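J.: Pasting input_21.pdb below, which is PDB, C-alpha atoms, pLDDT in the B column.
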ATOM      1  CA  MET A 323      27.091  -6.187  -3.248  1.00 40.00           C
ATOM      2  CA  ASP A 324      29.894  -7.339  -0.981  1.00 42.00           C
ATOM      3  CA  SER A 325      28.652  -5.984   2.349  1.00 45.00           C
ATOM      4  CA  TYR A 326      26.526  -7.899   4.840  1.00 44.00           C
ATOM      5  CA  GLY A 327      23.784  -5.364   4.387  1.00 51.00           C
ATOM      6  CA  SER A 328      23.758  -5.790   0.615  1.00 82.00           C
ATOM      7  CA  GLN A 329      23.657  -9.556   1.030  1.00 92.00           C
ATOM      8  CA  ARG A 330      20.591  -9.226   3.243  1.00 94.00           C
ATOM      9  CA  LEU A 331      18.840  -7.257   0.518  1.00 95.00           C
ATOM     10  CA  VAL A 332      19.872  -9.832  -2.076  1.00 95.00           C
ATOM     11  CA  ALA A 333      18.450 -12.603   0.111  1.00 95.00           C
ATOM     12  CA  LEU A 334      15.244 -10.615   0.658  1.00 96.00           C
ATOM     13  CA  ALA A 335      14.828 -10.039  -3.073  1.00 96.00           C
ATOM     14  CA  GLN A 336      15.246 -13.767  -3.721  1.00 95.00           C
ATOM     15  CA  GLN A 337      12.731 -14.597  -0.999  1.00 96.00           C
ATOM     16  CA  LEU A 338      10.131 -12.180  -2.317  1.00 96.00           C
ATOM     17  CA  ARG A 339      10.453 -13.368  -5.898  1.00 95.00           C
ATOM     18  CA  PHE A 340       9.059 -16.707  -4.707  1.00 94.00           C
ATOM     19  CA  TYR A 341       6.084 -15.026  -3.033  1.00 94.00           C
ATOM     20  CA  LYS A 342       2.822 -15.536  -4.850  1.00 87.00           C
ATOM     21  CA  PRO A 343      -0.296 -13.609  -3.850  1.00 81.00           C
ATOM     22  CA  PRO A 344      -3.600 -15.502  -3.864  1.00 70.00           C
ATOM     23  CA  SER A 345      -4.684 -16.350  -7.405  1.00 66.00           C
ATOM     24  CA  PRO A 346      -7.391 -14.079  -8.811  1.00 57.00           C
ATOM     25  CA  SER A 347     -10.789 -15.494  -9.611  1.00 51.00           C
ATOM     26  CA  PRO A 348     -11.949 -15.706 -13.243  1.00 49.00           C
ATOM     27  CA  ASP A 349     -14.142 -12.648 -12.650  1.00 47.00           C
ATOM     28  CA  GLU A 350     -11.161 -10.667 -11.357  1.00 47.00           C
ATOM     29  CA  ILE A 351      -9.092 -11.659 -14.383  1.00 44.00           C
ATOM     30  CA  GLU A 352     -11.881 -10.446 -16.642  1.00 43.00           C
ATOM     31  CA  GLU A 353     -12.064  -7.138 -14.781  1.00 42.00           C
ATOM     32  CA  GLN A 354      -8.308  -6.644 -15.003  1.00 42.00           C
ATOM     33  CA  ASN A 355      -8.537  -6.797 -18.782  1.00 41.00           C
ATOM     34  CA  ILE A 356     -10.815  -3.773 -18.793  1.00 34.00           C
ATOM     35  CA  GLU A 357      -9.107  -0.394 -19.089  1.00 33.00           C
ATOM     36  CA  GLU A 358      -9.611   1.562 -15.897  1.00 35.00           C
ATOM     37  CA  SER A 359      -8.322   4.735 -14.261  1.00 34.00           C
ATOM     38  CA  ALA A 360      -8.109   5.971 -10.680  1.00 35.00           C
ATOM     39  CA  GLY A 361      -6.889   8.888  -8.584  1.00 51.00           C
ATOM     40  CA  LYS A 362      -4.144   9.139  -5.995  1.00 57.00           C
ATOM     41  CA  VAL A 363      -4.114   6.384  -3.420  1.00 54.00           C
ATOM     42  CA  VAL A 364      -5.049   7.738  -0.019  1.00 50.00           C
ATOM     43  CA  SER A 365      -7.865   6.315   2.053  1.00 49.00           C
ATOM     44  CA  GLN A 366      -8.950   6.134   5.657  1.00 51.00           C
ATOM     45  CA  VAL A 367      -9.951   2.499   5.166  1.00 52.00           C
ATOM     46  CA  GLY A 368      -8.443  -0.308   3.101  1.00 54.00           C
ATOM     47  CA  PHE A 369      -8.612  -4.093   3.204  1.00 54.00           C
ATOM     48  CA  GLN A 370      -7.148  -7.073   1.419  1.00 63.00           C
ATOM     49  CA  GLU A 371      -9.523  -7.875  -1.399  1.00 58.00           C
ATOM     50  CA  SER A 372      -9.922 -11.462  -0.181  1.00 53.00           C
ATOM     51  CA  ALA A 373     -11.600 -10.030   2.939  1.00 54.00           C
ATOM     52  CA  THR A 374     -14.498  -8.914   0.786  1.00 52.00           C
ATOM     53  CA  SER A 375     -17.151 -10.638  -1.256  1.00 48.00           C
ATOM     54  CA  ILE A 376     -17.767  -8.286  -4.146  1.00 48.00           C
ATOM     55  CA  PHE A 377     -20.867  -8.526  -6.225  1.00 39.00           C
ATOM     56  CA  LYS A 378     -19.546  -9.606  -9.621  1.00 47.00           C
ATOM     57  CA  ASP A 379     -21.640  -7.606 -12.048  1.00 48.00           C
ATOM     58  CA  PRO A 380     -19.346  -5.653 -14.393  1.00 46.00           C
ATOM     59  CA  GLU A 381     -22.201  -3.369 -15.343  1.00 47.00           C
ATOM     60  CA  ARG A 382     -22.873  -2.367 -11.720  1.00 49.00           C
ATOM     61  CA  PHE A 383     -19.526  -2.668  -9.988  1.00 50.00           C
ATOM     62  CA  ARG A 384     -16.097  -2.464 -11.607  1.00 60.00           C
ATOM     63  CA  PRO A 385     -13.324  -1.412  -9.204  1.00 65.00           C
ATOM     64  CA  LYS A 386     -10.945   1.148 -10.597  1.00 82.00           C
ATOM     65  CA  ARG A 387      -7.240   0.310 -10.428  1.00 89.00           C
ATOM     66  CA  ALA A 388      -4.134   1.916  -8.933  1.00 93.00           C
ATOM     67  CA  ALA A 389      -0.708   0.832  -7.655  1.00 96.00           C
ATOM     68  CA  VAL A 390       1.517   1.894  -4.755  1.00 97.00           C
ATOM     69  CA  LEU A 391       5.239   1.297  -4.276  1.00 98.00           C
ATOM     70  CA  VAL A 392       6.471  -0.342  -1.075  1.00 98.00           C
ATOM     71  CA  CYS A 393      10.135   0.593  -1.518  1.00 98.00           C
ATOM     72  CA  ILE A 394      12.409  -1.206   0.958  1.00 98.00           C
ATOM     73  CA  PHE A 395      16.032  -0.398   1.746  1.00 97.00           C
ATOM     74  CA  GLU A 396      18.471  -1.232   4.520  1.00 97.00           C
ATOM     75  CA  GLY A 397      19.036   1.236   7.334  1.00 95.00           C
ATOM     76  CA  ASP A 398      22.312   1.992   9.097  1.00 93.00           C
ATOM     77  CA  ALA A 399      21.504  -0.565  11.801  1.00 93.00           C
ATOM     78  CA  GLY A 400      20.777  -3.293   9.268  1.00 93.00           C
ATOM     79  CA  GLU A 401      17.004  -3.014   9.587  1.00 96.00           C
ATOM     80  CA  PHE A 402      14.613  -2.951   6.636  1.00 98.00           C
ATOM     81  CA  ARG A 403      12.993   0.434   6.135  1.00 98.00           C
ATOM     82  CA  VAL A 404      10.233   1.697   3.840  1.00 98.00           C
ATOM     83  CA  ILE A 405       9.877   5.056   2.075  1.00 98.00           C
ATOM     84  CA  LEU A 406       6.757   7.090   2.881  1.00 98.00           C
ATOM     85  CA  THR A 407       5.405  10.516   2.020  1.00 97.00           C
ATOM     86  CA  LYS A 408       3.359  13.166   3.756  1.00 94.00           C
ATOM     87  CA  ARG A 409       0.891  14.741   1.386  1.00 88.00           C
ATOM     88  CA  SER A 410       0.969  18.468   0.822  1.00 80.00           C
ATOM     89  CA  SER A 411      -1.107  20.515   3.241  1.00 73.00           C
ATOM     90  CA  ARG A 412      -2.293  22.559   0.245  1.00 74.00           C
ATOM     91  CA  LEU A 413      -4.198  19.660  -1.286  1.00 60.00           C
ATOM     92  CA  SER A 414      -7.975  19.855  -1.120  1.00 53.00           C
ATOM     93  CA  THR A 415      -8.384  16.209  -0.051  1.00 59.00           C
ATOM     94  CA  HIS A 416      -6.404  14.073   2.409  1.00 58.00           C
ATOM     95  CA  SER A 417      -3.993  16.962   2.998  1.00 59.00           C
ATOM     96  CA  GLY A 418      -1.150  16.196   5.385  1.00 78.00           C
ATOM     97  CA  GLU A 419      -1.843  12.468   5.475  1.00 92.00           C
ATOM     98  CA  VAL A 420       0.858   9.814   5.171  1.00 96.00           C
ATOM     99  CA  SER A 421       0.816   7.615   2.085  1.00 94.00           C
ATOM    100  CA  LEU A 422       2.941   5.349  -0.068  1.00 96.00           C
ATOM    101  CA  PRO A 423       4.084   6.706  -3.446  1.00 96.00           C
ATOM    102  CA  GLY A 424       1.561   5.658  -6.056  1.00 94.00           C
ATOM    103  CA  GLY A 425      -1.485   6.532  -8.058  1.00 91.00           C
ATOM    104  CA  LYS A 426      -3.706   5.808 -10.999  1.00 87.00           C
ATOM    105  CA  VAL A 427      -3.001   3.401 -13.811  1.00 90.00           C
ATOM    106  CA  ASP A 428      -2.090   5.184 -17.022  1.00 88.00           C
ATOM    107  CA  GLU A 429      -3.214   3.556 -20.261  1.00 88.00           C
ATOM    108  CA  ARG A 430       0.432   3.613 -21.383  1.00 91.00           C
ATOM    109  CA  ASP A 431       1.639   1.609 -18.360  1.00 90.00           C
ATOM    110  CA  LYS A 432       2.491  -1.945 -19.344  1.00 92.00           C
ATOM    111  CA  ASP A 433       1.902  -3.321 -15.831  1.00 95.00           C
ATOM    112  CA  ASP A 434       1.488  -2.476 -12.134  1.00 95.00           C
ATOM    113  CA  PHE A 435       5.277  -2.317 -11.722  1.00 95.00           C
ATOM    114  CA  GLU A 436       5.460   0.541 -14.202  1.00 95.00           C
ATOM    115  CA  THR A 437       2.535   2.372 -12.632  1.00 95.00           C
ATOM    116  CA  ALA A 438       4.084   2.267  -9.148  1.00 96.00           C
ATOM    117  CA  THR A 439       7.611   3.264 -10.209  1.00 97.00           C
ATOM    118  CA  ARG A 440       6.384   5.971 -12.585  1.00 96.00           C
ATOM    119  CA  GLU A 441       4.281   7.547  -9.845  1.00 96.00           C
ATOM    120  CA  ALA A 442       7.198   7.315  -7.395  1.00 97.00           C
ATOM    121  CA  LYS A 443       9.394   9.200  -9.839  1.00 97.00           C
ATOM    122  CA  GLU A 444       6.730  11.886 -10.270  1.00 96.00           C
ATOM    123  CA  GLU A 445       6.074  12.267  -6.543  1.00 96.00           C
ATOM    124  CA  ILE A 446       9.492  11.845  -4.892  1.00 97.00           C
ATOM    125  CA  GLY A 447      12.064  11.807  -7.713  1.00 98.00           C
ATOM    126  CA  LEU A 448      12.920   8.108  -7.324  1.00 98.00           C
ATOM    127  CA  ASP A 449      14.550   6.898 -10.547  1.00 97.00           C
ATOM    128  CA  PRO A 450      12.908   3.583 -11.555  1.00 97.00           C
ATOM    129  CA  SER A 451      16.315   2.225 -12.558  1.00 96.00           C
ATOM    130  CA  LEU A 452      17.328   2.256  -8.881  1.00 97.00           C
ATOM    131  CA  VAL A 453      14.449   0.005  -7.854  1.00 97.00           C
ATOM    132  CA  ASP A 454      14.481  -3.766  -8.231  1.00 96.00           C
ATOM    133  CA  VAL A 455      10.803  -4.654  -8.366  1.00 97.00           C
ATOM    134  CA  VAL A 456      10.388  -8.171  -6.992  1.00 97.00           C
ATOM    135  CA  THR A 457       6.713  -8.949  -6.414  1.00 97.00           C
ATOM    136  CA  VAL A 458       3.190  -7.692  -5.891  1.00 96.00           C
ATOM    137  CA  LEU A 459       0.916  -8.292  -2.938  1.00 96.00           C
ATOM    138  CA  GLU A 460      -2.742  -9.176  -2.943  1.00 93.00           C
ATOM    139  CA  PRO A 461      -4.924  -6.258  -4.099  1.00 93.00           C
ATOM    140  CA  PHE A 462      -6.523  -4.043  -1.469  1.00 91.00           C
ATOM    141  CA  LEU A 463      -9.855  -2.258  -1.683  1.00 84.00           C
ATOM    142  CA  SER A 464      -9.999   1.341  -0.494  1.00 79.00           C
ATOM    143  CA  LYS A 465     -13.012   2.981   1.148  1.00 71.00           C
ATOM    144  CA  HIS A 466     -14.027   4.231  -2.293  1.00 72.00           C
ATOM    145  CA  LEU A 467     -13.816   0.655  -3.628  1.00 75.00           C
ATOM    146  CA  LEU A 468     -10.618   1.390  -5.541  1.00 84.00           C
ATOM    147  CA  ARG A 469      -8.490  -1.689  -6.270  1.00 90.00           C
ATOM    148  CA  VAL A 470      -4.950  -0.897  -5.065  1.00 93.00           C
ATOM    149  CA  ILE A 471      -2.023  -3.137  -6.028  1.00 95.00           C
ATOM    150  CA  PRO A 472       0.963  -2.977  -3.628  1.00 97.00           C
ATOM    151  CA  VAL A 473       4.216  -3.378  -5.572  1.00 97.00           C
ATOM    152  CA  ILE A 474       7.323  -4.287  -3.546  1.00 98.00           C
ATOM    153  CA  GLY A 475      10.656  -2.932  -4.727  1.00 98.00           C
ATOM    154  CA  ILE A 476      14.192  -3.127  -3.306  1.00 97.00           C
ATOM    155  CA  LEU A 477      16.412  -0.027  -3.204  1.00 97.00           C
ATOM    156  CA  SER A 478      19.934  -1.433  -2.911  1.00 95.00           C
ATOM    157  CA  ASN A 479      21.781   1.879  -3.213  1.00 95.00           C
ATOM    158  CA  LYS A 480      20.006   4.303  -0.888  1.00 95.00           C
ATOM    159  CA  LYS A 481      22.714   6.940  -1.361  1.00 95.00           C
ATOM    160  CA  ALA A 482      21.909   7.134  -5.073  1.00 96.00           C
ATOM    161  CA  PHE A 483      18.366   8.243  -4.245  1.00 97.00           C
ATOM    162  CA  LYS A 484      18.135  12.023  -3.975  1.00 96.00           C
ATOM    163  CA  PRO A 485      14.662  12.752  -2.586  1.00 97.00           C
ATOM    164  CA  THR A 486      12.936  15.420  -4.657  1.00 96.00           C
ATOM    165  CA  PRO A 487       9.368  15.956  -3.456  1.00 95.00           C
ATOM    166  CA  ASN A 488       6.876  17.268  -5.969  1.00 94.00           C
ATOM    167  CA  PRO A 489       5.634  20.355  -4.086  1.00 92.00           C
ATOM    168  CA  ALA A 490       2.202  20.099  -5.669  1.00 90.00           C
ATOM    169  CA  GLU A 491       1.640  16.724  -4.029  1.00 89.00           C
ATOM    170  CA  VAL A 492       4.256  15.983  -1.364  1.00 94.00           C
ATOM    171  CA  GLU A 493       5.198  17.996   1.707  1.00 94.00           C
ATOM    172  CA  ALA A 494       7.778  15.587   3.123  1.00 95.00           C
ATOM    173  CA  ILE A 495       9.568  12.325   2.371  1.00 96.00           C
ATOM    174  CA  PHE A 496      10.613  10.092   5.247  1.00 97.00           C
ATOM    175  CA  ASP A 497      11.228   6.442   6.045  1.00 97.00           C
ATOM    176  CA  ALA A 498      10.201   4.107   8.843  1.00 98.00           C
ATOM    177  CA  PRO A 499      11.261   0.638  10.024  1.00 98.00           C
ATOM    178  CA  LEU A 500       9.085  -1.925   8.249  1.00 98.00           C
ATOM    179  CA  GLU A 501       8.991  -4.258  11.247  1.00 98.00           C
ATOM    180  CA  MET A 502       7.077  -1.703  13.318  1.00 98.00           C
ATOM    181  CA  PHE A 503       3.934  -2.619  11.387  1.00 98.00           C
ATOM    182  CA  ILE A 504       3.784  -6.117  12.863  1.00 98.00           C
ATOM    183  CA  LYS A 505       4.742  -5.064  16.391  1.00 98.00           C
ATOM    184  CA  ASP A 506       2.162  -4.158  18.999  1.00 97.00           C
ATOM    185  CA  GLU A 507       3.923  -0.911  19.896  1.00 97.00           C
ATOM    186  CA  ASN A 508       2.971   2.736  19.367  1.00 97.00           C
ATOM    187  CA  ARG A 509      -0.262   1.429  17.915  1.00 97.00           C
ATOM    188  CA  ARG A 510      -3.911   1.993  18.611  1.00 96.00           C
ATOM    189  CA  VAL A 511      -7.132   0.978  16.935  1.00 96.00           C
ATOM    190  CA  GLU A 512     -10.618   2.268  16.356  1.00 95.00           C
ATOM    191  CA  GLU A 513     -13.546  -0.032  15.798  1.00 93.00           C
ATOM    192  CA  SER A 514     -15.887   0.846  12.998  1.00 88.00           C
ATOM    193  CA  GLU A 515     -18.817  -0.791  11.272  1.00 82.00           C
ATOM    194  CA  TRP A 516     -20.139  -0.918   7.744  1.00 69.00           C
ATOM    195  CA  MET A 517     -23.117  -2.892   6.429  1.00 68.00           C
ATOM    196  CA  GLY A 518     -23.342  -4.708   9.768  1.00 77.00           C
ATOM    197  CA  GLU A 519     -19.709  -5.850   9.760  1.00 80.00           C
ATOM    198  CA  LYS A 520     -17.304  -4.628  12.438  1.00 86.00           C
ATOM    199  CA  TYR A 521     -13.649  -4.025  11.602  1.00 88.00           C
ATOM    200  CA  LEU A 522     -10.563  -2.364  13.073  1.00 92.00           C
ATOM    201  CA  ILE A 523      -8.746   0.681  11.729  1.00 93.00           C
ATOM    202  CA  HIS A 524      -5.076   0.640  12.772  1.00 96.00           C
ATOM    203  CA  PHE A 525      -3.098   3.769  13.710  1.00 97.00           C
ATOM    204  CA  PHE A 526       0.697   3.777  14.082  1.00 98.00           C
ATOM    205  CA  ASP A 527       2.540   6.702  15.660  1.00 98.00           C
ATOM    206  CA  TYR A 528       6.060   7.318  14.396  1.00 98.00           C
ATOM    207  CA  LYS A 529       8.553  10.001  15.369  1.00 95.00           C
ATOM    208  CA  THR A 530      11.754  10.881  13.517  1.00 90.00           C
ATOM    209  CA  GLU A 531      13.977  13.952  13.550  1.00 81.00           C
ATOM    210  CA  ASN A 532      11.605  15.726  15.935  1.00 86.00           C
ATOM    211  CA  LYS A 533       8.715  15.191  13.540  1.00 94.00           C
ATOM    212  CA  LYS A 534       5.672  13.089  14.303  1.00 96.00           C
ATOM    213  CA  TYR A 535       3.733  11.113  11.748  1.00 97.00           C
ATOM    214  CA  LEU A 536       0.476   9.165  11.947  1.00 97.00           C
ATOM    215  CA  ILE A 537       0.278   6.162   9.621  1.00 97.00           C
ATOM    216  CA  TRP A 538      -3.168   4.622   9.338  1.00 95.00           C
ATOM    217  CA  GLY A 539      -5.958   3.311   7.150  1.00 91.00           C
ATOM    218  CA  LEU A 540      -5.112   1.860   3.763  1.00 92.00           C
ATOM    219  CA  THR A 541      -1.408   2.709   4.066  1.00 95.00           C
ATOM    220  CA  ALA A 542      -1.168   0.951   7.425  1.00 96.00           C
ATOM    221  CA  GLY A 543      -3.027  -2.064   6.058  1.00 95.00           C
ATOM    222  CA  VAL A 544      -0.650  -2.418   3.109  1.00 96.00           C
ATOM    223  CA  LEU A 545       2.391  -2.083   5.382  1.00 98.00           C
ATOM    224  CA  ILE A 546       1.062  -4.669   7.853  1.00 97.00           C
ATOM    225  CA  LYS A 547       0.762  -7.127   4.990  1.00 97.00           C
ATOM    226  CA  ALA A 548       4.145  -6.178   3.483  1.00 98.00           C
ATOM    227  CA  ALA A 549       5.908  -6.588   6.837  1.00 98.00           C
ATOM    228  CA  SER A 550       4.204  -9.954   7.410  1.00 97.00           C
ATOM    229  CA  VAL A 551       5.449 -11.196   4.037  1.00 97.00           C
ATOM    230  CA  VAL A 552       8.984  -9.812   4.458  1.00 98.00           C
ATOM    231  CA  TYR A 553       9.466 -11.110   8.008  1.00 98.00           C
ATOM    232  CA  GLN A 554       7.430 -14.253   7.357  1.00 97.00           C
ATOM    233  CA  ARG A 555       5.312 -13.956  10.474  1.00 97.00           C
ATOM    234  CA  PRO A 556       1.883 -12.519  11.314  1.00 96.00           C
ATOM    235  CA  PRO A 557       1.402  -9.284  13.241  1.00 97.00           C
ATOM    236  CA  ALA A 558       1.471  -9.432  17.042  1.00 97.00           C
ATOM    237  CA  PHE A 559      -2.094  -8.117  17.146  1.00 96.00           C
ATOM    238  CA  MET A 560      -5.497  -8.897  15.711  1.00 93.00           C
ATOM    239  CA  GLU A 561      -6.219  -7.258  12.368  1.00 90.00           C
ATOM    240  CA  GLN A 562      -9.965  -8.035  12.251  1.00 81.00           C
ATOM    241  CA  ASN A 563     -10.739  -7.431   8.623  1.00 75.00           C
ATOM    242  CA  PRO A 564     -14.420  -7.432   7.686  1.00 62.00           C
ATOM    243  CA  ARG A 565     -16.244 -10.038   5.628  1.00 58.00           C
ATOM    244  CA  PHE A 566     -18.228  -7.636   3.492  1.00 48.00           C
ATOM    245  CA  LYS A 567     -20.978  -8.901   1.214  1.00 48.00           C
ATOM    246  CA  PHE A 568     -22.012  -6.299  -1.296  1.00 44.00           C
ATOM    247  CA  PRO A 569     -25.705  -6.016  -2.121  1.00 44.00           C
ATOM    248  CA  LYS A 570     -27.022  -6.402  -5.632  1.00 45.00           C
ATOM    249  CA  GLY A 571     -27.215  -2.638  -5.925  1.00 46.00           C
ATOM    250  CA  ALA A 572     -23.462  -2.220  -5.338  1.00 47.00           C
ATOM    251  CA  ASN A 573     -21.864   0.320  -7.620  1.00 48.00           C
ATOM    252  CA  ASN A 574     -18.792   2.501  -7.982  1.00 47.00           C
ATOM    253  CA  ASP A 575     -20.331   5.279  -5.873  1.00 44.00           C
ATOM    254  CA  MET A 576     -20.518   3.253  -2.663  1.00 43.00           C
ATOM    255  CA  VAL A 577     -18.145   4.395   0.094  1.00 41.00           C
ATOM    256  CA  MET A 578     -16.992   2.764   3.332  1.00 39.00           C
ATOM    257  CA  ARG A 579     -17.474   5.112   6.263  1.00 35.00           C
TER     258      ARG A 579
END
When written as structure tokens, how does the structure in this file appear?

T.:
Amino acid sequence: MDSYGSQRLVALAQQLRFYKPPSPSPDEIEEQNIEESAGKVVSQVGFQESATSIFKDPERFRPKRAAVLVCIFEGDAGEFRVILTKRSSRLSTHSGEVSLPGGKVDERDKDDFETATREAKEEIGLDPSLVDVVTVLEPFLSKHLLRVIPVIGILSNKKAFKPTPNPAEVEAIFDAPLEMFIKDENRRVEESEWMGEKYLIHFFDYKTENKKYLIWGLTAGVLIKAASVVYQRPPAFMEQNPRFKFPKGANNDMVMR
């Protein structure tokens, strides 16, 4: 921990430990005490949960829960970078899409930290002991109304991480500069609408080692928020999250298009 780079990570870890996401409502606390399960976390659409107004009827709508790991390390140029995956092209759903390591809550997981690091170990071979988990961000809702908890972890010793993709799930492991997700560069948007509310879907193009990746949807939304928190400034573009109000008939089968 005696290099400038290591000191930057130490300072970042200290900064993030003071970060507190918005406090959950009493209804959200009640829901979090209910055992829930969910699938892998990939979605074309995802928003901070505070951008929605969910109908609070536990018998009709109870979001399932998952966690993703936003694992940050320092690059050779001193920049903060984040580890990403490209899903296997052999998967029946969301094949070839970019995502953060993560997945469903297991009943044996003691918290979201354990869910995110356990899934990262399963997907990319990242030993949880190498990751200093420092905070969680506000929950996001996916297009399938899955509650996704972004967990931020610091990887101080990048050389100790030997990427080992699980071939059943992951085709490639790569990393990208975190700051790119608050810059208005190599970015485009598509406007969509659901239940009368317009919103923007963000697409980021990234090229590394002659490979091109498209980072969008829920993953892009989480990384925009993570970069804003890390760099302590808002993105240089308009996010335009929706203000959804769910009807009384809302249920777990509803999907954002």

J.: Run the PyMOL selection byres ((chain A and resi 521-538) around 8) against the file shown and list the residues it catches, as a PDB file with C-alpha atoms, in the coordinates of the input.

T.:
ATOM      1  CA  GLN A 366      -8.950   6.134   5.657  1.00 51.00           C
ATOM      2  CA  VAL A 367      -9.951   2.499   5.166  1.00 52.00           C
ATOM      3  CA  GLU A 419      -1.843  12.468   5.475  1.00 92.00           C
ATOM      4  CA  VAL A 420       0.858   9.814   5.171  1.00 96.00           C
ATOM      5  CA  SER A 421       0.816   7.615   2.085  1.00 94.00           C
ATOM      6  CA  ALA A 498      10.201   4.107   8.843  1.00 98.00           C
ATOM      7  CA  PHE A 503       3.934  -2.619  11.387  1.00 98.00           C
ATOM      8  CA  ASN A 508       2.971   2.736  19.367  1.00 97.00           C
ATOM      9  CA  ARG A 509      -0.262   1.429  17.915  1.00 97.00           C
ATOM     10  CA  ARG A 510      -3.911   1.993  18.611  1.00 96.00           C
ATOM     11  CA  VAL A 511      -7.132   0.978  16.935  1.00 96.00           C
ATOM     12  CA  GLU A 512     -10.618   2.268  16.356  1.00 95.00           C
ATOM     13  CA  GLU A 513     -13.546  -0.032  15.798  1.00 93.00           C
ATOM     14  CA  SER A 514     -15.887   0.846  12.998  1.00 88.00           C
ATOM     15  CA  GLU A 515     -18.817  -0.791  11.272  1.00 82.00           C
ATOM     16  CA  GLU A 519     -19.709  -5.850   9.760  1.00 80.00           C
ATOM     17  CA  LYS A 520     -17.304  -4.628  12.438  1.00 86.00           C
ATOM     18  CA  GLY A 539      -5.958   3.311   7.150  1.00 91.00           C
ATOM     19  CA  LEU A 540      -5.112   1.860   3.763  1.00 92.00           C
ATOM     20  CA  THR A 541      -1.408   2.709   4.066  1.00 95.00           C
ATOM     21  CA  ALA A 542      -1.168   0.951   7.425  1.00 96.00           C
ATOM     22  CA  GLY A 543      -3.027  -2.064   6.058  1.00 95.00           C
ATOM     23  CA  GLU A 561      -6.219  -7.258  12.368  1.00 90.00           C
ATOM     24  CA  GLN A 562      -9.965  -8.035  12.251  1.00 81.00           C
ATOM     25  CA  ASN A 563     -10.739  -7.431   8.623  1.00 75.00           C
ATOM     26  CA  PRO A 564     -14.420  -7.432   7.686  1.00 62.00           C
TER      27      PRO A 564
END

J.: When you count only C-alpha atoms, which of these residues is closest to Val390 in chain A: A:Val473, A:Leu463, A:Ala335, A:Val427?

T.: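 Using only C-alpha atoms, Val390 in chain A sits closest to A:Val473.
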
J.: Identify, on the basis of only C-alpha atoms, every residue whose closest approach to range 434-439 of chain A does not exceed 9 Å; exclude the query and any residue fewer than 3 positions from it along the same chain; express the result as a PyMOL selection string.

T.: chain A and resi 388-392+423-428+431+442-444+448-450+453+455+457-458+471-475

J.: I'd like to know which of A:Phe462, A:Phe395, A:Phe559, A:Phe496 is closest to Leu334 in chain A, using only C-alpha atoms.

T.: A:Phe395

J.: Would you mind reading off the distance between CA of Arg555 in chain A and CA of Ile504 in chain A, one decimal, in Å?

T.: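 Atom-to-atom, CA of Arg555 in chain A to CA of Ile504 in chain A, that is 8.3 Å.
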
J.: Go ahead and compute the interatomic distance for CA of Glu401 in chain A and CA of Pro556 in chain A, in Å to one decimal.

T.: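 Atom-to-atom, CA of Glu401 in chain A to CA of Pro556 in chain A, that is 17.9 Å.
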
J.: Evaluate the PyMOL selection byres ((chain A and resi 407) around 9) here and jot the selected residues down as a compact mmCIF listing (two decimals) with C-alpha atoms, in the coordinates of the input.

T.:
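Once everything was written out, this is selection_36.txt:
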# COMPACT_ATOMS: atom_id res chain seq x y z
CA ILE A 405 9.88 5.06 2.08
CA LEU A 406 6.76 7.09 2.88
CA LYS A 408 3.36 13.17 3.76
CA ARG A 409 0.89 14.74 1.39
CA GLU A 419 -1.84 12.47 5.48
CA VAL A 420 0.86 9.81 5.17
CA SER A 421 0.82 7.62 2.08
CA LEU A 422 2.94 5.35 -0.07
CA PRO A 423 4.08 6.71 -3.45
CA GLU A 445 6.07 12.27 -6.54
CA ILE A 446 9.49 11.84 -4.89
CA PRO A 487 9.37 15.96 -3.46
CA VAL A 492 4.26 15.98 -1.36
CA GLU A 493 5.20 18.00 1.71
CA ALA A 494 7.78 15.59 3.12
CA ILE A 495 9.57 12.32 2.37
CA PHE A 496 10.61 10.09 5.25
CA ASP A 497 11.23 6.44 6.04

J.: Point out the residue among A:Met560, A:Val551, A:Leu331, A:Ile546 with the least atom-to-atom distance to Phe402 in chain A, counting only C-alpha atoms.

T.: A:Leu331

J.: Which residue, A:Ile476, A:Ala333, A:Val470, A:Ala399, has the smallest gap to Lys386 in chain A when you use all atoms listed in the file?

T.: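 Distance minimum relative to Lys386 in chain A lands on A:Val470.
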
J.: Hey, what comes out of the PyMOL selection byres ((chain A and resi 343) around 7) on this file? Could you write it as a VMD selection string?

T.: chain A and resid 341 to 342 344 to 345 459 to 460

J.: Axis-aligned box over every listed atom of range 327-336 of chain A, padded by 6 Å per side: centre and edges in Å to one decimal, as lines of an AutoDock Vina configuration file?

T.:
center_x = 19.3
center_y = -9.6
center_z = 0.3
size_x = 21.0
size_y = 20.4
size_z = 20.1

J.: I'd like the interatomic distance between CA of Lys465 in chain A and CA of Glu491 in chain A, to a tenth of an Å.

T.: 20.7 Å
